[in-house]
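**Student:** coords.pdb (PDB, C-alpha atoms, pLDDT in the B column) pasted underneath:
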```
ATOM      1  CA  MET A   5     -18.416  50.314 -24.460  1.00 57.00           C
ATOM      2  CA  PRO A   6     -15.376  52.506 -24.010  1.00 65.00           C
ATOM      3  CA  LEU A   7     -16.165  55.537 -26.217  1.00 76.00           C
ATOM      4  CA  LEU A   8     -19.959  55.614 -26.554  1.00 81.00           C
ATOM      5  CA  ASN A   9     -22.815  54.302 -24.486  1.00 87.00           C
ATOM      6  CA  GLY A  10     -25.364  52.051 -26.185  1.00 87.00           C
ATOM      7  CA  ILE A  11     -27.918  54.804 -26.552  1.00 91.00           C
ATOM      8  CA  GLU A  12     -25.574  57.165 -28.373  1.00 93.00           C
ATOM      9  CA  ALA A  13     -24.213  54.293 -30.470  1.00 93.00           C
ATOM     10  CA  THR A  14     -27.797  53.430 -31.464  1.00 94.00           C
ATOM     11  CA  ARG A  15     -28.462  57.030 -32.505  1.00 94.00           C
ATOM     12  CA  GLN A  16     -25.313  57.189 -34.610  1.00 94.00           C
ATOM     13  CA  ILE A  17     -25.850  53.791 -36.236  1.00 93.00           C
ATOM     14  CA  LEU A  18     -29.435  54.622 -37.202  1.00 94.00           C
ATOM     15  CA  ARG A  19     -28.454  58.080 -38.426  1.00 95.00           C
ATOM     16  CA  ARG A  20     -26.015  56.450 -40.851  1.00 95.00           C
ATOM     17  CA  VAL A  21     -28.065  53.350 -41.765  1.00 95.00           C
ATOM     18  CA  PRO A  22     -31.752  53.887 -40.897  1.00 92.00           C
ATOM     19  CA  ALA A  23     -32.792  50.396 -42.010  1.00 92.00           C
ATOM     20  CA  VAL A  24     -30.661  48.700 -39.329  1.00 94.00           C
ATOM     21  CA  ARG A  25     -32.591  47.069 -36.485  1.00 94.00           C
ATOM     22  CA  VAL A  26     -30.859  47.579 -33.153  1.00 95.00           C
ATOM     23  CA  LEU A  27     -31.163  45.206 -30.207  1.00 94.00           C
ATOM     24  CA  ILE A  28     -29.764  46.586 -26.949  1.00 93.00           C
ATOM     25  CA  LEU A  29     -28.031  44.070 -24.681  1.00 92.00           C
ATOM     26  CA  SER A  30     -27.583  45.753 -21.312  1.00 91.00           C
ATOM     27  CA  MET A  31     -27.272  45.265 -17.597  1.00 90.00           C
ATOM     28  CA  HIS A  32     -29.460  48.344 -16.975  1.00 87.00           C
ATOM     29  CA  SER A  33     -33.110  47.588 -16.295  1.00 84.00           C
ATOM     30  CA  ASP A  34     -34.251  50.991 -15.084  1.00 83.00           C
ATOM     31  CA  GLU A  35     -37.140  52.639 -16.887  1.00 82.00           C
ATOM     32  CA  ALA A  36     -35.222  55.779 -17.887  1.00 86.00           C
ATOM     33  CA  TYR A  37     -32.475  53.859 -19.672  1.00 88.00           C
ATOM     34  CA  VAL A  38     -34.940  51.589 -21.491  1.00 88.00           C
ATOM     35  CA  THR A  39     -37.007  54.597 -22.579  1.00 87.00           C
ATOM     36  CA  GLN A  40     -33.921  56.438 -23.850  1.00 91.00           C
ATOM     37  CA  ALA A  41     -32.834  53.363 -25.828  1.00 91.00           C
ATOM     38  CA  LEU A  42     -36.249  53.073 -27.480  1.00 89.00           C
ATOM     39  CA  GLN A  43     -36.347  56.798 -28.250  1.00 91.00           C
ATOM     40  CA  ALA A  44     -32.919  56.420 -29.846  1.00 93.00           C
ATOM     41  CA  GLY A  45     -34.453  53.836 -32.178  1.00 93.00           C
ATOM     42  CA  ALA A  46     -33.713  50.438 -30.623  1.00 93.00           C
ATOM     43  CA  LYS A  47     -36.236  47.769 -31.600  1.00 93.00           C
ATOM     44  CA  GLY A  48     -35.521  45.535 -28.651  1.00 91.00           C
ATOM     45  CA  TYR A  49     -33.985  45.491 -25.217  1.00 92.00           C
ATOM     46  CA  LEU A  50     -32.472  42.407 -23.640  1.00 92.00           C
ATOM     47  CA  LEU A  51     -30.962  42.184 -20.183  1.00 92.00           C
ATOM     48  CA  LYS A  52     -27.573  40.503 -19.931  1.00 90.00           C
ATOM     49  CA  ASP A  53     -28.858  38.121 -17.279  1.00 86.00           C
ATOM     50  CA  SER A  54     -31.566  36.801 -19.644  1.00 82.00           C
ATOM     51  CA  ALA A  55     -31.601  33.171 -20.694  1.00 75.00           C
ATOM     52  CA  ASP A  56     -29.575  32.144 -23.738  1.00 81.00           C
ATOM     53  CA  THR A  57     -32.802  31.207 -25.493  1.00 83.00           C
ATOM     54  CA  ASP A  58     -34.021  34.796 -25.059  1.00 88.00           C
ATOM     55  CA  LEU A  59     -31.013  36.060 -27.027  1.00 91.00           C
ATOM     56  CA  ILE A  60     -31.713  33.691 -29.916  1.00 92.00           C
ATOM     57  CA  ARG A  61     -35.409  34.611 -29.910  1.00 91.00           C
ATOM     58  CA  ALA A  62     -34.620  38.335 -29.621  1.00 92.00           C
ATOM     59  CA  VAL A  63     -32.311  38.282 -32.644  1.00 93.00           C
ATOM     60  CA  ALA A  64     -34.885  36.295 -34.651  1.00 92.00           C
ATOM     61  CA  ASP A  65     -37.726  38.655 -33.678  1.00 90.00           C
ATOM     62  CA  ILE A  66     -35.743  41.825 -34.403  1.00 92.00           C
ATOM     63  CA  SER A  67     -34.525  40.520 -37.758  1.00 91.00           C
ATOM     64  CA  ALA A  68     -38.126  39.597 -38.661  1.00 89.00           C
ATOM     65  CA  GLY A  69     -39.247  43.179 -38.008  1.00 86.00           C
ATOM     66  CA  ARG A  70     -40.753  42.594 -34.577  1.00 87.00           C
ATOM     67  CA  SER A  71     -39.691  43.970 -31.212  1.00 88.00           C
ATOM     68  CA  PHE A  72     -38.340  41.984 -28.292  1.00 90.00           C
ATOM     69  CA  PHE A  73     -38.004  42.840 -24.614  1.00 90.00           C
ATOM     70  CA  SER A  74     -36.710  40.803 -21.712  1.00 89.00           C
ATOM     71  CA  PRO A  75     -39.629  39.807 -19.481  1.00 86.00           C
ATOM     72  CA  ALA A  76     -38.393  42.137 -16.719  1.00 84.00           C
ATOM     73  CA  VAL A  77     -38.132  45.033 -19.174  1.00 85.00           C
ATOM     74  CA  ALA A  78     -41.574  44.267 -20.635  1.00 84.00           C
ATOM     75  CA  LYS A  79     -43.030  44.435 -17.122  1.00 84.00           C
ATOM     76  CA  ILE A  80     -41.361  47.816 -16.489  1.00 81.00           C
ATOM     77  CA  MET A  81     -42.732  49.144 -19.778  1.00 81.00           C
ATOM     78  CA  LEU A  82     -46.213  47.766 -19.147  1.00 78.00           C
ATOM     79  CA  ASP A  83     -46.312  49.221 -15.630  1.00 80.00           C
ATOM     80  CA  ASP A  84     -45.179  52.582 -17.008  1.00 79.00           C
ATOM     81  CA  TYR A  85     -47.791  52.458 -19.769  1.00 74.00           C
ATOM     82  CA  VAL A  86     -50.594  51.611 -17.336  1.00 73.00           C
ATOM     83  CA  ARG A  87     -49.426  54.408 -15.014  1.00 79.00           C
ATOM     84  CA  HIS A  88     -49.344  56.816 -17.973  1.00 76.00           C
ATOM     85  CA  LEU A  89     -52.923  55.892 -18.936  1.00 69.00           C
ATOM     86  CA  ALA A  90     -54.074  56.244 -15.329  1.00 75.00           C
ATOM     87  CA  ASP A  91     -52.443  59.698 -15.121  1.00 77.00           C
ATOM     88  CA  LYS A  92     -54.503  60.688 -18.165  1.00 72.00           C
ATOM     89  CA  GLY A  93     -57.639  59.179 -16.654  1.00 69.00           C
ATOM     90  CA  ILE A  94     -57.786  56.467 -19.307  1.00 62.00           C
ATOM     91  CA  ALA A  95     -58.848  53.024 -18.095  1.00 65.00           C
ATOM     92  CA  ASP A  96     -58.888  51.414 -21.538  1.00 75.00           C
ATOM     93  CA  ARG A  97     -56.594  51.913 -24.553  1.00 80.00           C
ATOM     94  CA  PHE A  98     -59.654  52.415 -26.746  1.00 87.00           C
ATOM     95  CA  GLU A  99     -60.381  55.575 -24.765  1.00 82.00           C
ATOM     96  CA  ALA A 100     -57.050  56.969 -25.984  1.00 85.00           C
ATOM     97  CA  LEU A 101     -58.454  57.218 -29.523  1.00 92.00           C
ATOM     98  CA  SER A 102     -59.691  60.597 -30.668  1.00 93.00           C
ATOM     99  CA  GLU A 103     -63.248  60.941 -31.945  1.00 94.00           C
ATOM    100  CA  ARG A 104     -62.025  60.898 -35.559  1.00 96.00           C
ATOM    101  CA  GLU A 105     -59.821  57.865 -34.894  1.00 96.00           C
ATOM    102  CA  ARG A 106     -62.866  56.056 -33.495  1.00 95.00           C
ATOM    103  CA  GLU A 107     -64.812  56.873 -36.668  1.00 96.00           C
ATOM    104  CA  VAL A 108     -61.975  55.549 -38.827  1.00 96.00           C
ATOM    105  CA  PHE A 109     -61.643  52.505 -36.551  1.00 96.00           C
ATOM    106  CA  GLN A 110     -65.351  51.717 -36.994  1.00 94.00           C
ATOM    107  CA  LEU A 111     -65.172  52.022 -40.768  1.00 95.00           C
ATOM    108  CA  ILE A 112     -61.998  49.920 -41.022  1.00 95.00           C
ATOM    109  CA  ALA A 113     -63.648  47.253 -38.877  1.00 93.00           C
ATOM    110  CA  GLU A 114     -66.684  47.317 -41.183  1.00 93.00           C
ATOM    111  CA  GLY A 115     -64.411  46.565 -44.137  1.00 93.00           C
ATOM    112  CA  TYR A 116     -64.226  49.924 -45.889  1.00 94.00           C
ATOM    113  CA  SER A 117     -61.082  50.740 -47.887  1.00 94.00           C
ATOM    114  CA  ASN A 118     -58.970  53.835 -47.204  1.00 94.00           C
ATOM    115  CA  LYS A 119     -60.434  55.510 -50.302  1.00 95.00           C
ATOM    116  CA  GLU A 120     -64.000  54.732 -49.227  1.00 96.00           C
ATOM    117  CA  ILE A 121     -63.316  56.013 -45.707  1.00 96.00           C
ATOM    118  CA  ALA A 122     -61.757  59.162 -47.136  1.00 96.00           C
ATOM    119  CA  ASP A 123     -64.828  59.771 -49.292  1.00 96.00           C
ATOM    120  CA  LEU A 124     -67.267  59.096 -46.427  1.00 96.00           C
ATOM    121  CA  LEU A 125     -65.455  61.409 -44.005  1.00 96.00           C
ATOM    122  CA  SER A 126     -64.422  64.030 -46.582  1.00 95.00           C
ATOM    123  CA  ILE A 127     -60.724  63.653 -45.801  1.00 95.00           C
ATOM    124  CA  SER A 128     -57.771  62.543 -47.916  1.00 94.00           C
ATOM    125  CA  PRO A 129     -56.680  58.900 -48.169  1.00 93.00           C
ATOM    126  CA  THR A 130     -53.344  59.971 -46.687  1.00 93.00           C
ATOM    127  CA  THR A 131     -55.142  61.310 -43.621  1.00 95.00           C
ATOM    128  CA  VAL A 132     -57.010  58.019 -43.326  1.00 95.00           C
ATOM    129  CA  GLU A 133     -53.682  56.167 -43.451  1.00 94.00           C
ATOM    130  CA  THR A 134     -52.304  58.455 -40.723  1.00 94.00           C
ATOM    131  CA  HIS A 135     -55.338  57.727 -38.545  1.00 95.00           C
ATOM    132  CA  ARG A 136     -54.966  54.000 -39.262  1.00 95.00           C
ATOM    133  CA  ALA A 137     -51.301  54.083 -38.175  1.00 93.00           C
ATOM    134  CA  ARG A 138     -52.176  55.930 -34.952  1.00 93.00           C
ATOM    135  CA  ILE A 139     -55.000  53.491 -34.210  1.00 95.00           C
ATOM    136  CA  LEU A 140     -52.669  50.527 -34.664  1.00 93.00           C
ATOM    137  CA  GLN A 141     -50.063  52.155 -32.427  1.00 91.00           C
ATOM    138  CA  LYS A 142     -52.473  53.225 -29.685  1.00 91.00           C
ATOM    139  CA  LEU A 143     -54.227  49.865 -29.560  1.00 91.00           C
ATOM    140  CA  ASP A 144     -50.996  47.868 -30.048  1.00 87.00           C
ATOM    141  CA  LEU A 145     -52.429  46.135 -33.102  1.00 89.00           C
ATOM    142  CA  HIS A 146     -50.532  45.135 -36.235  1.00 89.00           C
ATOM    143  CA  SER A 147     -53.010  44.532 -39.051  1.00 89.00           C
ATOM    144  CA  THR A 148     -56.518  45.168 -40.318  1.00 90.00           C
ATOM    145  CA  ALA A 149     -57.455  41.666 -39.221  1.00 89.00           C
ATOM    146  CA  GLU A 150     -56.446  42.520 -35.657  1.00 89.00           C
ATOM    147  CA  ILE A 151     -58.537  45.714 -35.851  1.00 92.00           C
ATOM    148  CA  VAL A 152     -61.578  43.639 -36.889  1.00 91.00           C
ATOM    149  CA  LEU A 153     -60.971  41.096 -34.119  1.00 89.00           C
ATOM    150  CA  TYR A 154     -60.552  43.897 -31.563  1.00 89.00           C
ATOM    151  CA  ALA A 155     -63.783  45.523 -32.788  1.00 91.00           C
ATOM    152  CA  VAL A 156     -65.683  42.233 -32.455  1.00 90.00           C
ATOM    153  CA  ARG A 157     -64.348  41.685 -28.921  1.00 86.00           C
ATOM    154  CA  ARG A 158     -65.369  45.218 -27.923  1.00 86.00           C
ATOM    155  CA  GLY A 159     -68.796  44.777 -29.486  1.00 87.00           C
ATOM    156  CA  VAL A 160     -68.209  47.602 -31.976  1.00 85.00           C
ATOM    157  CA  ILE A 161     -69.192  45.206 -34.771  1.00 85.00           C
ATOM    158  CA  SER A 162     -70.658  41.718 -34.713  1.00 72.00           C
TER     159      SER A 162
END
```
Would you mind writing the structure in this file as structure tokens?

**Tutor:**
Amino acid sequence: MPLLNGIEATRQILRRVPAVRVLILSMHSDEAYVTQALQAGAKGYLLKDSADTDLIRAVADISAGRSFFSPAVAKIMLDDYVRHLADKGIADRFEALSEREREVFQLIAEGYSNKEIADLLSISPTTVETHRARILQKLDLHSTAEIVLYAVRRGVIS
């Protein structure tokens, strides 16, 4: 791109139209560039040498509200994430949850509503929703059903 790089273009596009979903198509596979693109708001990152079918799938995934990463980029991100957890002394994503997040996780898995959790823990429903969002992000889950399944697999509930 002659005047802007993809990262700056992403920032400017999203500043003007926040609802736009940006897919980066790039020749750069280094971790720093990928990280900058994601921080700028890109929802996906596809390498130019990817298969044609990856481009079609990437556009479909991004337009459906999901993320998409070229396999090589996904590996870079996963390696970085694992290294980040190891640096923090965390061997399991569940360990990244705070004590309060674990309490909320348990109650969600047991089927309590946000209002019920708020009442039980003497916090606001908005705070419960914030904890829920952080739990989903930290555990890379996308729904209450996935929280329940994760809890069953971990033996938190049966």

**Student:** Could you tell me, as a list in words, exactly which residues end up selected when the PyMOL selection byres ((chain A and resi 13) around 12) is applied to this structure?

**Tutor:**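 With the PyMOL selection byres ((chain A and resi 13) around 12) on this model, the match is Met5, Pro6, Leu7, Leu8, Asn9, Gly10, Ile11, Glu12, Thr14, Arg15, Gln16, Ile17, Leu18, Arg19, Arg20, Val21, Val26, Leu27, Ile28, Gln40, Ala41, Ala44, Gly45 and Ala46 of chain A.
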
**Student:** Draw an axis-aligned box over all listed atoms of region 100-105 of chain A, pad each side with 6 Å, and write its centre and edge lengths in Å, one decimal, as lines of an AutoDock Vina configuration file.

**Tutor:**
```
center_x = -60.1
center_y = 59.0
center_z = -30.8
size_x = 18.2
size_y = 16.0
size_z = 21.6
```

**Student:** Using all atoms listed in the file, can you tell me which of A:Leu143, A:Glu120, A:Val132, A:Met31 comes closest to Asp96 (chain A)?

**Tutor:**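 Under the stated criterion, the closest residue is A:Leu143.
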
**Student:** Have a look at A:Lys52, A:His32, A:Arg97, A:Arg136 and name the one nearest to Gln110 (chain A); count only C-alpha atoms.

**Tutor:**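 Smallest distance to Gln110 (chain A) is found for A:Arg136.
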
**Student:** I want to know what sits within 9 Å of Phe109 (chain A), based on all atoms listed in the file, with residues of the same chain fewer than 5 positions away left out; could you give that as a list in words?

**Tutor:**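 Answer for this query is Arg104, Glu114, His135, Arg136, Ile139, Ile151, Val152 and Ala155 of chain A.
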
**Student:** Could you list the residues chosen by the PyMOL selection byres ((chain A and resi 162) around 10) in this structure as a PyMOL selection string?

**Tutor:** chain A and resi 113-114+152-153+155-161

**Student:** Quick check, in Å to one decimal: how far apart do CA of Ser71 (chain A) and CA of Gly48 (chain A) lie?

**Tutor:**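 Interatomic distance here is 5.1 Å.
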
**Student:** When the PyMOL selection byres ((chain A and resi 54-65) around 10) is applied to the file above, which residues end up in the set, as a PyMOL selection string?

**Tutor:** chain A and resi 25-31+47-53+66-76

**Student:** For CA of Thr148 (chain A) and CA of Ile112 (chain A), determine how far apart the two atoms are, in Å to one decimal place.

**Tutor:**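 Answer for the CA of Thr148 (chain A) to CA of Ile112 (chain A) separation: 7.3 Å.
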
**Student:** Name the residues within 12 Å of (-37.6, 54.1, -19.2), counting only C-alpha atoms in the file's coordinates, and put them as a VMD selection string.

**Tutor:** chain A and resid 32 to 44 49 77 to 85

**Student:** Measure the distance from CA of Glu103 (chain A) to CA of Arg87 (chain A) in Å and round it to one decimal.

**Tutor:**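 Taking CA of Glu103 (chain A) as the start and CA of Arg87 (chain A) as the end point, the length is 22.8 Å.
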
**Student:** I need the residue nearest Tyr154 (chain A) from this list: A:Val24, A:Phe98, A:Asp91, A:Glu107. Use all atoms listed in the file for the distance.

**Tutor:**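 The shortest atom-to-atom distance to Tyr154 (chain A) comes from A:Phe98.
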